[in-house]
Amino acid sequence: MRLFLAINLPDDARAALDREARPLREAAPGLKWVAPERVHLTVRFLGEQPLERLAAIRGAVDEATARHGEVQLALGGLGAFPNFRRARVVWLGVAPDPRLELLHHDVEDACVRLGFEPEGRPFRPHVTLARVPQGAREEELRGLHRRVRSFHFEQVIEVPSVDLMVSELSPDGPRYRILHTSPLAAAV
């Protein structure tokens, strides 16, 4: 099973983001836009894992999240990795927050103790909105970059949990399903 840990956005935030992003999708229809129901913040990618590891993963993440109180995500602003001229990923920003950093650190530490390789890069929280396919048209990316200035989505959401997700590949793209929810102590 292809697993990852995520903070899922509430339905109202997903719907508002979908409405605000409509002009972006129209400006760059050749990009692979993330469907609203799949929008999330990835905390940790776990990759292909056997079914027998699920219990250990659930327990470790439950233990990590139980040590954390309320966390908020302040969402807003658009960016691209590495930049809009050579974009591979278009993302919605997440404001830096020490509580989110600590939550990520503890989840990462729990994963490393389970035998996962440590992430080799710093945590840069973001919500992926689109992936740019190889050979995307430059004029489409320029049109998208022009529309970025008129994108005005900002929302603060409460984080009640970190969810263990499975990604199931299909001809229509990946489908995500929650396998387990690890609540933050404040949400219990």
# chains A, B, ... in the order shown; residues from 1 in each chain; ligands from 1
>>> residues_around(residues="A:Glu63", least_positions_apart="5", cutoff="12 Å", atoms="only C-alpha atoms", output="VMD selection string")
chain A and resid 56 to 58 68 103 106 to 107 109 to 111 161 to 162 181 to 185
>>> select_by_dssp(residues="stretch 21-106 of chain A", states="helix (DSSP H, G or I)", output="ChimeraX atom specification")
/A:21-27,36-38,51-66,98-106
>>> write_last_selection(atoms="C-alpha atoms", output="PDB file, in the first residue's frame")
ATOM      1  CA  ALA A  21      -8.530  28.681  -7.964  1.00  0.00           C
ATOM      2  CA  ARG A  22     -10.984  28.451 -10.885  1.00  0.00           C
ATOM      3  CA  PRO A  23      -9.338  31.348 -12.824  1.00  0.00           C
ATOM      4  CA  LEU A  24      -5.947  29.676 -12.337  1.00  0.00           C
ATOM      5  CA  ARG A  25      -7.235  26.415 -13.796  1.00  0.00           C
ATOM      6  CA  GLU A  26      -8.737  28.329 -16.731  1.00  0.00           C
ATOM      7  CA  ALA A  27      -5.418  30.098 -17.376  1.00  0.00           C
ATOM      8  CA  PRO A  36     -10.690  19.482  -4.391  1.00  0.00           C
ATOM      9  CA  GLU A  37     -11.350  16.275  -2.422  1.00  0.00           C
ATOM     10  CA  ARG A  38      -7.627  15.390  -2.586  1.00  0.00           C
ATOM     11  CA  LEU A  51      -0.217  -4.352   5.550  1.00  0.00           C
ATOM     12  CA  GLU A  52       1.543  -5.751   8.623  1.00  0.00           C
ATOM     13  CA  ARG A  53       3.266  -2.365   9.282  1.00  0.00           C
ATOM     14  CA  LEU A  54      -0.031  -0.488   9.699  1.00  0.00           C
ATOM     15  CA  ALA A  55      -0.452  -1.172  13.415  1.00  0.00           C
ATOM     16  CA  ALA A  56       3.054   0.060  14.248  1.00  0.00           C
ATOM     17  CA  ILE A  57       2.614   3.191  12.111  1.00  0.00           C
ATOM     18  CA  ARG A  58      -0.773   3.971  13.687  1.00  0.00           C
ATOM     19  CA  GLY A  59       0.618   3.532  17.194  1.00  0.00           C
ATOM     20  CA  ALA A  60       3.710   5.653  16.590  1.00  0.00           C
ATOM     21  CA  VAL A  61       1.759   8.516  15.012  1.00  0.00           C
ATOM     22  CA  ASP A  62      -0.937   8.349  17.728  1.00  0.00           C
ATOM     23  CA  GLU A  63       1.792   8.702  20.342  1.00  0.00           C
ATOM     24  CA  ALA A  64       3.397  11.634  18.499  1.00  0.00           C
ATOM     25  CA  THR A  65       0.160  13.590  17.969  1.00  0.00           C
ATOM     26  CA  ALA A  66      -1.085  13.001  21.527  1.00  0.00           C
ATOM     27  CA  PRO A  98       6.396  26.779  15.572  1.00  0.00           C
ATOM     28  CA  ARG A  99       3.593  24.442  16.713  1.00  0.00           C
ATOM     29  CA  LEU A 100       3.296  22.974  13.211  1.00  0.00           C
ATOM     30  CA  GLU A 101       7.087  22.598  13.045  1.00  0.00           C
ATOM     31  CA  LEU A 102       7.106  20.738  16.371  1.00  0.00           C
ATOM     32  CA  LEU A 103       4.255  18.477  15.281  1.00  0.00           C
ATOM     33  CA  HIS A 104       6.098  17.657  12.068  1.00  0.00           C
ATOM     34  CA  HIS A 105       9.335  17.044  14.004  1.00  0.00           C
ATOM     35  CA  ASP A 106       7.653  14.591  16.373  1.00  0.00           C
TER      36      ASP A 106
END
>>> atom_distance(atom1="atom CA of A:His152", atom2="atom CA of A:Ala130")
17.1 Å
>>> residues_around(residues="A:Arg124", least_positions_apart="2", cutoff="9 Å", atoms="only C-alpha atoms", output="PDB file with C-alpha atoms, in the first residue's frame")
ATOM      1  CA  VAL A  94       1.194  27.767   4.760  1.00  0.00           C
ATOM      2  CA  PRO A  96       5.382  29.319   9.379  1.00  0.00           C
ATOM      3  CA  ARG A 121      15.254  18.201   3.253  1.00  0.00           C
ATOM      4  CA  PRO A 122      13.694  20.828   5.473  1.00  0.00           C
ATOM      5  CA  HIS A 126       2.443  23.772   1.464  1.00  0.00           C
TER       6      HIS A 126
END
